[in-house]
file query11.tsv (TSV, C-alpha atoms)
chain	number	residue	atom	x	y	z
C	675	MET	CA	-17.73	12.68	5.74
C	676	ILE	CA	-19.57	9.40	5.08
C	677	ASN	CA	-17.68	7.00	2.82
C	678	ARG	CA	-18.22	3.53	1.43
C	679	ASN	CA	-16.41	1.76	4.28
C	680	GLY	CA	-18.43	3.61	6.91
C	681	LEU	CA	-21.73	2.78	5.21
C	682	ARG	CA	-20.77	-0.88	4.86
C	683	THR	CA	-19.74	-1.09	8.51
C	684	ALA	CA	-22.95	0.57	9.70
C	685	PHE	CA	-25.10	-1.66	7.49
C	686	THR	CA	-23.32	-4.85	8.60
C	687	ALA	CA	-23.47	-3.89	12.29
C	688	GLY	CA	-27.16	-3.03	12.02
C	689	LEU	CA	-27.96	-6.26	10.19
C	690	GLY	CA	-26.07	-8.33	12.75
C	691	ASN	CA	-27.67	-6.51	15.68
C	692	ALA	CA	-31.15	-6.96	14.19
C	693	PHE	CA	-30.62	-10.70	13.74
C	694	ALA	CA	-29.23	-11.05	17.26
C	695	SER	CA	-32.17	-9.13	18.77
C	696	LEU	CA	-34.73	-11.22	16.88
C	697	SER	CA	-33.04	-14.41	18.04
C	698	GLY	CA	-33.81	-13.64	21.68
C	699	VAL	CA	-30.41	-14.92	22.82
C	700	GLY	CA	-28.71	-12.81	25.50
C	701	ASP	CA	-25.56	-10.67	25.23
C	702	SER	CA	-26.26	-9.83	21.59
C	703	GLN	CA	-24.38	-6.52	21.90
C	704	TYR	CA	-21.13	-8.38	21.22
C	705	VAL	CA	-22.13	-8.76	17.57
C	706	SER	CA	-21.92	-5.02	16.92
C	707	LEU	CA	-18.73	-4.71	18.96
C	708	ALA	CA	-17.05	-7.43	16.88
C	709	VAL	CA	-18.18	-5.84	13.59
C	710	LEU	CA	-16.85	-2.41	14.58
C	711	ALA	CA	-13.58	-3.87	15.87
C	712	VAL	CA	-12.61	-5.86	12.76
C	713	SER	CA	-13.95	-3.63	9.96
C	714	THR	CA	-10.75	-2.32	8.37
C	715	GLY	CA	-11.87	-1.75	4.78
C	716	THR	CA	-10.06	-4.77	3.31
C	717	TYR	CA	-10.82	-8.46	3.52
C	718	GLY	CA	-7.28	-9.37	4.49
C	719	GLY	CA	-7.13	-6.81	7.29
C	720	ALA	CA	-10.51	-7.92	8.64
C	721	LEU	CA	-9.45	-11.57	8.48
C	722	ALA	CA	-6.28	-10.83	10.45
C	723	LEU	CA	-8.08	-8.76	13.09
C	724	GLY	CA	-10.93	-11.28	13.30
C	725	SER	CA	-8.60	-14.20	13.94
C	726	GLN	CA	-6.75	-12.14	16.57
C	727	ARG	CA	-10.02	-11.25	18.29
C	728	LEU	CA	-11.26	-14.84	18.34
C	729	LEU	CA	-7.97	-16.18	19.62
C	730	GLY	CA	-7.81	-13.47	22.29
C	731	THR	CA	-11.38	-14.19	23.37
C	732	ALA	CA	-10.69	-17.93	23.61
C	733	LEU	CA	-7.42	-17.43	25.50
C	734	GLY	CA	-8.98	-14.91	27.90
C	735	SER	CA	-11.93	-17.24	28.56
C	736	VAL	CA	-9.69	-20.20	29.38
C	737	LEU	CA	-7.48	-18.14	31.70
C	738	LEU	CA	-10.57	-16.62	33.33
C	739	LEU	CA	-11.95	-20.06	34.21
C	740	ILE	CA	-8.57	-21.29	35.46
C	741	GLY	CA	-7.81	-18.15	37.46
C	742	TYR	CA	-11.29	-17.73	38.92
C	743	GLU	CA	-11.45	-21.32	40.14
C	744	GLY	CA	-7.77	-21.91	40.94
C	745	LEU	CA	-6.91	-18.64	42.69
C	746	ARG	CA	-9.88	-18.37	45.03
C	747	GLY	CA	-7.59	-18.42	48.05
C	748	LEU	CA	-5.80	-15.21	46.99
C	749	PRO	CA	-7.11	-11.67	47.32
C	750	MET	CA	-9.14	-10.73	44.27
C	751	PRO	CA	-6.80	-7.90	43.06
C	752	LEU	CA	-3.77	-10.19	43.27
C	753	ALA	CA	-5.53	-13.10	41.55
C	754	LEU	CA	-6.79	-10.81	38.80
C	755	ALA	CA	-3.31	-9.34	38.28
C	756	LEU	CA	-1.72	-12.80	38.05
C	757	THR	CA	-4.30	-13.91	35.50
C	758	LEU	CA	-3.76	-10.79	33.37
C	759	GLY	CA	0.00	-11.32	33.60
C	760	ALA	CA	-0.40	-14.89	32.37
C	761	LEU	CA	-2.51	-13.57	29.49
C	762	ARG	CA	0.18	-11.08	28.58
C	763	LEU	CA	2.85	-13.80	28.65
C	764	LEU	CA	0.87	-16.28	26.54
C	765	GLY	CA	-0.23	-13.51	24.19
C	766	GLY	CA	3.41	-12.66	23.56
C	767	LEU	CA	4.26	-16.29	22.90
C	768	LEU	CA	1.37	-16.54	20.44
C	769	LYS	CA	2.40	-13.21	18.83
C	770	LEU	CA	-0.94	-11.57	19.53
C	771	GLN	CA	-0.97	-7.89	18.58
C	772	VAL	CA	-4.50	-6.85	19.53
C	773	GLY	CA	-6.00	-10.13	20.70
C	774	TYR	CA	-4.55	-9.90	24.22
C	775	LYS	CA	-6.51	-6.66	24.77
C	776	VAL	CA	-9.74	-8.49	24.02
C	777	GLY	CA	-8.65	-11.30	26.32
C	778	GLY	CA	-7.97	-8.80	29.08
C	779	ILE	CA	-11.46	-7.33	28.72
C	780	VAL	CA	-12.94	-10.84	28.93
C	781	ILE	CA	-11.01	-11.58	32.13
C	782	VAL	CA	-11.87	-8.29	33.85
C	783	MET	CA	-15.56	-8.28	32.87
C	784	GLY	CA	-16.01	-11.94	33.66
C	785	TRP	CA	-14.34	-11.61	37.05
C	786	LEU	CA	-16.05	-8.39	38.15
C	787	VAL	CA	-19.42	-8.42	36.35
C	788	HIS	CA	-20.35	-12.00	35.41
C	789	GLU	CA	-18.72	-13.94	38.23
C	790	GLY	CA	-21.96	-15.73	39.01
C	791	GLY	CA	-22.68	-16.91	35.47
C	792	LEU	CA	-19.40	-17.60	33.70
C	793	ALA	CA	-20.60	-20.94	32.37
C	794	ALA	CA	-23.34	-19.19	30.37
C	795	TRP	CA	-21.65	-15.85	29.61
C	796	ILE	CA	-18.39	-17.17	28.09
C	797	PRO	CA	-20.01	-19.40	25.40
C	798	LEU	CA	-22.49	-16.63	24.47
C	799	ARG	CA	-19.76	-14.02	24.12
C	800	PHE	CA	-17.61	-16.32	22.01
C	801	PHE	CA	-20.56	-17.28	19.81
C	802	TRP	CA	-21.61	-13.68	19.13
C	803	THR	CA	-17.99	-12.66	18.50
C	804	CYS	CA	-17.64	-15.44	15.91
C	805	PHE	CA	-20.90	-14.37	14.33
C	806	GLY	CA	-19.81	-10.72	14.18
C	807	VAL	CA	-16.49	-11.61	12.54
C	808	LEU	CA	-18.25	-13.89	10.04
C	809	ILE	CA	-20.81	-11.32	8.88
C	810	THR	CA	-18.06	-8.69	8.63
C	811	LEU	CA	-16.09	-10.91	6.25
C	812	LEU	CA	-19.25	-11.65	4.26
C	813	GLY	CA	-20.05	-7.95	4.14
C	814	LEU	CA	-16.63	-7.14	2.71
C	815	ARG	CA	-17.26	-9.67	-0.07
C	816	LEU	CA	-20.91	-8.89	-0.78
C	817	PHE	CA	-21.51	-5.20	-0.04
C	818	TRP	CA	-19.28	-2.87	-2.07
C	819	PRO	CA	-16.38	-5.36	-2.05
C	820	ALA	CA	-13.13	-3.84	-0.80
C	821	ARG	CA	-10.14	-6.03	-1.46
C	822	GLY	CA	-6.46	-5.43	-0.86
C	823	LEU	CA	-5.55	-5.81	-4.54
C	824	ASP	CA	-8.08	-3.19	-5.63
C	825	SER	CA	-6.85	-0.77	-2.99
C	826	SER	CA	-3.18	-1.37	-3.81
C	827	LEU	CA	-3.65	-0.96	-7.56
C	828	ALA	CA	-5.68	2.21	-7.03
C	829	GLN	CA	-2.79	3.65	-5.02
C	830	VAL	CA	-0.34	2.59	-7.75
C	831	ALA	CA	-2.45	4.41	-10.35
C	832	THR	CA	-2.45	7.54	-8.17
C	833	LEU	CA	1.32	7.33	-7.79
C	834	LEU	CA	1.72	7.01	-11.57
C	835	ILE	CA	-0.27	10.21	-12.06
C	836	GLN	CA	2.02	12.01	-9.62
C	837	LEU	CA	5.11	10.67	-11.40
C	838	GLN	CA	3.75	11.82	-14.77
C	839	SER	CA	3.29	15.33	-13.41
C	840	CYS	CA	6.81	15.37	-11.95
C	841	PHE	CA	8.38	14.13	-15.19
C	842	ARG	CA	6.63	16.79	-17.26
C	843	ASP	CA	7.61	19.54	-14.84
C	844	LEU	CA	11.20	18.30	-14.81
C	845	ALA	CA	11.22	18.32	-18.62
C	846	ALA	CA	9.98	21.92	-18.64
C	847	ARG	CA	12.78	22.82	-16.24
C	848	VAL	CA	15.49	22.03	-18.82
C	849	ASP	CA	13.65	22.94	-22.04
C	850	SER	CA	12.32	26.47	-22.28
C	851	ALA	CA	9.95	25.39	-25.10
C	852	MET	CA	8.06	23.26	-22.55
C	853	ALA	CA	8.02	25.87	-19.79
C	854	SER	CA	4.38	26.74	-20.50
C	855	GLN	CA	3.40	23.12	-19.66
C	856	SER	CA	4.91	23.27	-16.16
C	857	SER	CA	2.31	23.64	-13.43
C	858	ASN	CA	4.43	23.35	-10.32
C	859	PRO	CA	8.21	23.33	-9.71
C	860	VAL	CA	9.58	19.96	-8.63
C	861	GLY	CA	11.28	20.31	-5.26
C	862	ILE	CA	12.22	18.15	-2.33
C	863	ASP	CA	8.66	18.31	-0.97
C	864	ARG	CA	7.21	16.62	-4.05
C	865	TYR	CA	9.95	13.99	-3.91
C	866	ARG	CA	9.06	13.25	-0.28
C	867	ALA	CA	5.38	13.06	-1.18
C	868	LEU	CA	6.21	10.40	-3.77
C	869	ARG	CA	8.22	8.44	-1.22
C	870	ASN	CA	5.36	8.61	1.29
C	871	GLN	CA	2.91	7.37	-1.33
C	872	LEU	CA	5.18	4.41	-2.09
C	873	ILE	CA	5.46	3.61	1.62
C	874	ALA	CA	1.67	3.64	1.89
C	875	ILE	CA	1.47	1.13	-0.97
C	876	ARG	CA	3.97	-1.17	0.71
C	877	ARG	CA	1.95	-1.06	3.93
C	878	GLN	CA	-0.95	-2.63	2.04
C	879	ARG	CA	1.04	-5.78	1.30
C	880	PRO	CA	0.10	-7.74	4.49
C	881	ALA	CA	-3.61	-7.26	3.75
C	882	LEU	CA	-3.04	-8.37	0.16
C	883	LEU	CA	-1.14	-11.50	1.23
C	884	GLN	CA	-3.94	-12.43	3.63
C	885	GLU	CA	-6.41	-12.54	0.76
C	886	LEU	CA	-4.41	-14.66	-1.67
C	887	GLY	CA	-4.60	-17.99	0.14
C	888	SER	CA	-1.76	-20.50	0.23
C	889	LEU	CA	1.67	-19.52	-1.09
C	890	PRO	CA	0.68	-15.86	-1.59
C	891	GLU	CA	4.29	-14.87	-2.38
C	892	ARG	CA	4.03	-16.80	-5.67
C	893	HIS	CA	0.64	-15.42	-6.65
C	894	PRO	CA	0.70	-13.29	-9.84
C	895	ALA	CA	-0.95	-10.40	-7.99
C	896	THR	CA	1.86	-10.35	-5.42
C	897	LEU	CA	4.54	-10.56	-8.12
C	898	LEU	CA	2.87	-7.80	-10.13
C	899	MET	CA	2.63	-5.49	-7.12
C	900	ALA	CA	6.29	-6.16	-6.30
C	901	ASN	CA	7.16	-5.26	-9.90
C	902	PHE	CA	5.22	-2.00	-9.67
C	903	GLU	CA	6.78	-1.11	-6.32
C	904	ALA	CA	10.34	-1.79	-7.51
C	905	THR	CA	9.82	0.27	-10.67
C	906	ALA	CA	8.19	3.12	-8.78
C	907	SER	CA	11.11	3.16	-6.35
C	908	ARG	CA	13.60	3.52	-9.23
C	909	LEU	CA	11.55	6.25	-10.87
C	910	ILE	CA	11.23	8.15	-7.59
C	911	THR	CA	15.00	7.88	-7.25
C	912	LEU	CA	15.23	9.60	-10.63
C	913	VAL	CA	13.06	12.46	-9.36
C	914	GLY	CA	15.18	12.81	-6.23
C	915	GLY	CA	18.40	12.77	-8.25
C	916	LEU	CA	17.20	15.41	-10.70
C	917	VAL	CA	15.99	17.59	-7.84
C	918	ARG	CA	19.41	17.40	-6.19
C	919	GLU	CA	21.23	17.99	-9.52
C	920	PRO	CA	19.47	21.03	-11.01
C	921	PRO	CA	20.56	22.07	-14.50
C	922	SER	CA	23.32	24.67	-14.54
C	923	LEU	CA	22.49	28.12	-15.91
C	924	GLN	CA	25.95	28.64	-17.41
C	925	ASP	CA	26.34	28.56	-21.22
C	926	PRO	CA	22.92	26.99	-21.97
C	927	GLN	CA	23.40	27.37	-25.73
C	928	LEU	CA	26.35	24.95	-25.69
C	929	VAL	CA	24.35	21.99	-24.41
C	930	VAL	CA	20.89	22.77	-25.70
C	931	GLN	CA	20.71	19.47	-27.63
C	932	LEU	CA	21.58	17.46	-24.52
C	933	HIS	CA	18.88	19.23	-22.52
C	934	TRP	CA	16.43	18.69	-25.35
C	935	ALA	CA	17.14	14.94	-25.41
C	936	GLU	CA	16.65	14.76	-21.63
C	937	ALA	CA	13.39	16.70	-21.80
C	938	GLU	CA	11.99	14.60	-24.63
C	939	LEU	CA	12.84	11.38	-22.81
C	940	LEU	CA	11.10	12.64	-19.65
C	941	GLN	CA	8.04	13.50	-21.72
C	942	ALA	CA	8.09	10.06	-23.36
C	943	MET	CA	8.35	8.33	-19.99
C	944	ALA	CA	5.49	10.43	-18.64
C	945	GLY	CA	3.35	9.37	-21.61
C	946	GLN	CA	4.23	5.71	-21.06
C	947	LEU	CA	3.32	5.92	-17.37
C	948	GLY	CA	0.02	7.41	-18.52
C	949	GLN	CA	-0.60	4.21	-20.48
C	950	TRP	CA	0.20	2.20	-17.35
C	951	GLU	CA	-2.29	4.21	-15.35
C	952	ARG	CA	-5.03	3.68	-17.96
C	953	GLN	CA	-4.35	-0.06	-18.08
C	954	ILE	CA	-4.72	-0.27	-14.31
C	955	ARG	CA	-7.86	1.87	-14.15
C	956	GLY	CA	-9.58	-0.04	-16.96
C	957	ARG	CA	-8.56	-3.53	-15.91
C	958	ARG	CA	-10.67	-6.65	-15.58
C	959	GLY	CA	-8.76	-8.91	-13.28
C	960	LEU	CA	-5.04	-8.27	-13.32
C	961	PRO	CA	-4.06	-5.31	-15.55
C	962	LYS	CA	-2.33	-6.08	-18.83
C	963	PRO	CA	0.80	-4.26	-20.00
C	964	PRO	CA	0.45	-1.57	-22.69
C	965	ASP	CA	0.32	-2.76	-26.28
C	966	THR	CA	3.35	-0.64	-27.17
C	967	GLY	CA	6.51	-0.25	-25.13
C	968	LEU	CA	8.42	2.93	-24.37
C	969	GLN	CA	9.27	4.67	-27.63
C	970	LEU	CA	12.62	6.42	-27.23
C	971	PRO	CA	12.79	9.87	-28.87
C	972	ARG	CA	15.16	10.28	-31.78
C	973	SER	CA	17.08	12.96	-29.88
C	974	TRP	CA	17.75	10.45	-27.11
C	975	GLN	CA	18.84	7.75	-29.55
C	976	GLN	CA	21.32	10.19	-31.10
C	977	LEU	CA	22.69	11.21	-27.72
C	978	GLY	CA	26.07	9.62	-28.45
C	979	GLN	CA	26.64	11.97	-31.35
C	980	GLU	CA	25.76	14.98	-29.24
C	981	LEU	CA	28.16	13.90	-26.49
C	982	ASN	CA	30.97	13.83	-29.06
C	983	ASP	CA	30.12	17.30	-30.34
C	984	PRO	CA	33.04	19.71	-29.69
C	985	THR	CA	30.54	22.50	-28.99
C	986	ALA	CA	29.00	20.62	-26.09
C	987	ASN	CA	32.43	19.61	-24.78
C	988	SER	CA	33.45	23.27	-24.62
C	989	ALA	CA	31.04	23.84	-21.74
C	990	SER	CA	32.37	24.10	-18.20
C	991	LEU	CA	33.45	20.92	-16.40
C	992	GLU	CA	30.92	21.47	-13.62
C	993	ARG	CA	28.10	21.71	-16.13
C	994	LEU	CA	29.22	18.61	-18.03
C	995	GLU	CA	29.49	16.59	-14.81
C	996	ARG	CA	26.00	17.63	-13.78
C	997	ILE	CA	24.58	16.79	-17.21
C	998	ALA	CA	26.32	13.40	-17.15
C	999	SER	CA	24.77	12.64	-13.77
C	1000	ARG	CA	21.30	13.66	-14.96
C	1001	LEU	CA	21.58	11.65	-18.18
C	1002	MET	CA	22.69	8.57	-16.25
C	1003	LEU	CA	19.62	8.86	-14.00
C	1004	CYS	CA	17.38	9.21	-17.06
C	1005	ARG	CA	18.92	6.13	-18.68
C	1006	GLN	CA	18.36	4.12	-15.50
C	1007	ALA	CA	14.71	5.23	-15.41
C	1008	GLU	CA	14.22	4.32	-19.08
C	1009	GLN	CA	15.71	0.88	-18.43
C	1010	ALA	CA	13.48	0.48	-15.34
C	1011	ILE	CA	10.33	1.07	-17.39
C	1012	SER	CA	11.42	-1.33	-20.15
C	1013	THR	CA	12.40	-4.03	-17.65
C	1014	ALA	CA	9.16	-3.60	-15.71
C	1015	GLU	CA	7.04	-4.05	-18.84
C	1016	ALA	CA	8.96	-7.19	-19.78
C	1017	ASN	CA	8.46	-8.60	-16.25
C	1018	TRP	CA	4.81	-7.55	-16.38
C	1019	ALA	CA	4.22	-9.64	-19.51
C	1020	VAL	CA	6.05	-12.63	-18.03
C	1021	ILE	CA	3.99	-12.50	-14.80
C	1022	LEU	CA	0.70	-12.43	-16.69
C	1023	GLY	CA	1.94	-15.24	-18.92
C	1024	ARG	CA	2.23	-17.44	-15.83
C	1025	ALA	CA	-1.19	-16.46	-14.45
call {"tool": "encode", "arguments": {"input": "query11.tsv", "output": "structure tokens"}}
result
Amino acid sequence: MINRNGLRTAFTAGLGNAFASLSGVGDSQYVSLAVLAVSTGTYGGALALGSQRLLGTALGSVLLLIGYEGLRGLPMPLALALTLGALRLLGGLLKLQVGYKVGGIVIVMGWLVHEGGLAAWIPLRFFWTCFGVLITLLGLRLFWPARGLDSSLAQVATLLIQLQSCFRDLAARVDSAMASQSSNPVGIDRYRALRNQLIAIRRQRPALLQELGSLPERHPATLLMANFEATASRLITLVGGLVREPPSLQDPQLVVQLHWAEAELLQAMAGQLGQWERQIRGRRGLPKPPDTGLQLPRSWQQLGQELNDPTANSASLERLERIASRLMLCRQAEQAISTAEANWAVILGRA
């Protein structure tokens, strides 16, 4: 299926190839190869891959010239192996992740294919590689811009939708009046899906940091994403805890008010996360926090009275322990949302 990134890559590669062909300069195929190699969908990822590719090309070219001229007295396979070994060693010292592969290709092709014209081939290859990386970065800025922040916030919004659904289904699990609103039971599979979504968001952080210039750790976008990630982690912990501590089926009439308070709080938190999601989707620049904070239901505010009710305390010890564990998780989630919104406002106040 054709997507925006694929169209942008094809357009950029075609544009670069057309310019290179019209220029009449040889070895223009390296433009398209560079575009395809560094097009990752985000500016930060392309910048990282592009710098690796340029450094690997430069290192491979230098070692090729040194090895080809300095190891003439050795058999070609041995000289080539020593040069590639030196590339691997220097690549490790320079912490190259993909650049040493490009350098290896430069050494092998130069030694076996272009041995008679290294002085002309090496500068041309490096020039076209630089040009390909440059137009890829320009394409990511000009044609359907794809930036790490946009991608990360879109994933956060998707995670918030999933959390809303889980909270509503968990509320329906303890309140029979909400059972008709439940679309899918919350089990360990949905908890793992939430964890995987959070991991995917965290993997976007290096690309985001690449885009934010100097001192990216202090940038409001980085601080805001860290705030979202920390809050999402605490809310996902709530889901996991409630999945592992299902409500007991014994004597439900004795603790109906406690279950009602829990269900109403889950519904309120789901509604608040819905506001978060809308703020992120409709943002201009960094998203602003909701105008109103989390409104705690009256049943939750009166929870202390219900806990002192002799009727509720007549339930079995196992049931009371399980309810206490669930209520503690809910309180931690409620505090996480309130703290996150306070931090959110502070971060934007510094921006």
call {"tool": "closest_residue", "arguments": {"input": "query11.tsv", "among": "C:Val699, C:Val780, C:Val930, C:Leu710", "to": "C:Leu739", "atoms": "only C-alpha atoms"}}
result
C:Val780
call {"tool": "atom_distance", "arguments": {"input": "query11.tsv", "atom1": "atom CA of C:Leu745", "atom2": "atom CA of C:Arg727"}}
result
25.7 Å
call {"tool": "atom_distance", "arguments": {"input": "query11.tsv", "atom1": "atom CA of C:Ile875", "atom2": "atom CA of C:Met899"}}
result
9.1 Å
call {"tool": "residues_around", "arguments": {"input": "query11.tsv", "residues": "stretch 787-802 of chain C", "least_positions_apart": "5", "cutoff": "7 Å", "atoms": "all atoms listed in the file", "output": "ChimeraX atom specification"}}
result
/C:701-702,704-705,731,735
call {"tool": "atom_distance", "arguments": {"input": "query11.tsv", "atom1": "atom CA of C:Val848", "atom2": "atom CA of C:His933"}}
result
5.7 Å
call {"tool": "residues_around", "arguments": {"input": "query11.tsv", "residues": "stretch 763-766 of chain C", "least_positions_apart": "4", "cutoff": "9 Å", "atoms": "only C-alpha atoms", "output": "short mmCIF file (atom, residue, chain, number, x, y, z; two decimals) with C-alpha atoms, keeping the file's coordinate frame"}}
result
data_model
loop_
_atom_site.label_atom_id
_atom_site.label_comp_id
_atom_site.auth_asym_id
_atom_site.auth_seq_id
_atom_site.Cartn_x
_atom_site.Cartn_y
_atom_site.Cartn_z
CA GLY C 730 -7.81 -13.47 22.29
CA LEU C 733 -7.42 -17.43 25.50
CA LEU C 758 -3.76 -10.79 33.37
CA GLY C 759 0.00 -11.32 33.60
CA LEU C 770 -0.94 -11.57 19.53
CA GLN C 771 -0.97 -7.89 18.58
CA GLY C 773 -6.00 -10.13 20.70
CA TYR C 774 -4.55 -9.90 24.22
CA GLY C 777 -8.65 -11.30 26.32
#
call {"tool": "closest_residue", "arguments": {"input": "query11.tsv", "among": "C:Arg815, C:Lys962, C:Arg957, C:Arg762", "to": "C:Thr686", "atoms": "all atoms listed in the file"}}
result
C:Arg815
call {"tool": "closest_residue", "arguments": {"input": "query11.tsv", "among": "C:Gly959, C:Leu827, C:Thr905, C:Thr911", "to": "C:Ser1012", "atoms": "only C-alpha atoms"}}
result
C:Thr905
call {"tool": "closest_residue", "arguments": {"input": "query11.tsv", "among": "C:Ala687, C:Leu1003, C:Leu823, C:Leu897", "to": "C:Ala881", "atoms": "only C-alpha atoms"}}
result
C:Leu823
call {"tool": "closest_residue", "arguments": {"input": "query11.tsv", "among": "C:Glu936, C:Asp863, C:Glu919, C:Glu885", "to": "C:Ala846", "atoms": "all atoms listed in the file"}}
result
C:Glu936
call {"tool": "closest_residue", "arguments": {"input": "query11.tsv", "among": "C:Ile910, C:Val772, C:Met943, C:Leu889", "to": "C:Gln726", "atoms": "only C-alpha atoms"}}
result
C:Val772
call {"tool": "residues_around", "arguments": {"input": "query11.tsv", "residues": "C:Gln836", "least_positions_apart": "5", "cutoff": "12 Å", "atoms": "only C-alpha atoms", "output": "list in words"}}
result
Gln829, Val830, Ala831, Phe841, Arg842, Asp843, Asn858, Val860, Arg864, Tyr865, Arg866, Ala867, Leu868, Arg869, Asn870, Gln871, Leu872, Ala906, Leu909, Ile910, Val913, Ala944, Leu947, Gly948 and Glu951 of chain C
call {"tool": "write_last_selection", "arguments": {"input": "query11.tsv", "atoms": "C-alpha atoms", "output": "compact mmCIF listing (two decimals), in the frame of the given file"}}
result
# COMPACT_ATOMS: atom_id res chain seq x y z
CA GLN C 829 -2.79 3.65 -5.02
CA VAL C 830 -0.34 2.59 -7.75
CA ALA C 831 -2.45 4.41 -10.35
CA PHE C 841 8.38 14.13 -15.19
CA ARG C 842 6.63 16.79 -17.26
CA ASP C 843 7.61 19.54 -14.84
CA ASN C 858 4.43 23.35 -10.32
CA VAL C 860 9.58 19.96 -8.63
CA ARG C 864 7.21 16.62 -4.05
CA TYR C 865 9.95 13.99 -3.91
CA ARG C 866 9.06 13.25 -0.28
CA ALA C 867 5.38 13.06 -1.18
CA LEU C 868 6.21 10.40 -3.77
CA ARG C 869 8.22 8.44 -1.22
CA ASN C 870 5.36 8.61 1.29
CA GLN C 871 2.91 7.37 -1.33
CA LEU C 872 5.18 4.41 -2.09
CA ALA C 906 8.19 3.12 -8.78
CA LEU C 909 11.55 6.25 -10.87
CA ILE C 910 11.23 8.15 -7.59
CA VAL C 913 13.06 12.46 -9.36
CA ALA C 944 5.49 10.43 -18.64
CA LEU C 947 3.32 5.92 -17.37
CA GLY C 948 0.02 7.41 -18.52
CA GLU C 951 -2.29 4.21 -15.35
call {"tool": "residues_around", "arguments": {"input": "query11.tsv", "residues": "stretch 966-970 of chain C", "least_positions_apart": "5", "cutoff": "9 Å", "atoms": "only C-alpha atoms", "output": "PyMOL selection string"}}
result
chain C and resi 938-939+942-943+945-946+975+1008+1011-1012+1015
call {"tool": "residues_near_point", "arguments": {"input": "query11.tsv", "point": "(-4.2, -13.8, 35.7)", "cutoff": "9 Å", "atoms": "all atoms listed in the file", "output": "number ranges by chain"}}
result
C: 737-738, 740-742, 745, 752-762, 781
call {"tool": "decode", "arguments": {"input": "query11.tsv", "residues": "stretch 937-941 of chain C", "atoms": "all heavy atoms", "output": "CSV table (one decimal), in the first residue's frame"}}
result
chain,number,residue,atom,x,y,z
C,937,ALA,N,-16.0,2.8,39.6
C,937,ALA,CA,-16.5,2.8,38.2
C,937,ALA,C,-16.6,4.3,37.8
C,937,ALA,O,-16.2,4.6,36.7
C,937,ALA,CB,-17.8,2.1,38.1
C,938,GLU,N,-17.2,5.1,38.7
C,938,GLU,CA,-17.4,6.5,38.3
C,938,GLU,C,-16.0,7.2,38.1
C,938,GLU,O,-15.9,8.1,37.2
C,938,GLU,CB,-18.2,7.2,39.3
C,938,GLU,CG,-19.7,6.9,39.2
C,938,GLU,CD,-20.6,7.9,39.9
C,938,GLU,OE1,-20.2,8.5,40.9
C,938,GLU,OE2,-21.7,8.1,39.4
C,939,LEU,N,-15.1,6.9,39.0
C,939,LEU,CA,-13.7,7.5,38.8
C,939,LEU,C,-13.1,7.1,37.5
C,939,LEU,O,-12.5,7.9,36.8
C,939,LEU,CB,-12.8,7.1,40.0
C,939,LEU,CG,-11.4,7.7,39.9
C,939,LEU,CD1,-11.4,9.2,40.0
C,939,LEU,CD2,-10.5,7.1,41.0
C,940,LEU,N,-13.2,5.8,37.1
C,940,LEU,CA,-12.7,5.3,35.9
C,940,LEU,C,-13.3,6.0,34.7
C,940,LEU,O,-12.6,6.4,33.7
C,940,LEU,CB,-12.9,3.8,35.8
C,940,LEU,CG,-12.0,2.9,36.7
C,940,LEU,CD1,-12.4,1.5,36.7
C,940,LEU,CD2,-10.5,3.0,36.3
C,941,GLN,N,-14.6,6.2,34.8
C,941,GLN,CA,-15.3,6.9,33.7
C,941,GLN,C,-14.8,8.4,33.6
C,941,GLN,O,-14.6,8.9,32.5
C,941,GLN,CB,-16.8,6.9,33.9
C,941,GLN,CG,-17.5,5.5,33.7
C,941,GLN,CD,-17.6,5.2,32.2
C,941,GLN,OE1,-17.2,6.0,31.3
C,941,GLN,NE2,-18.2,4.1,31.9
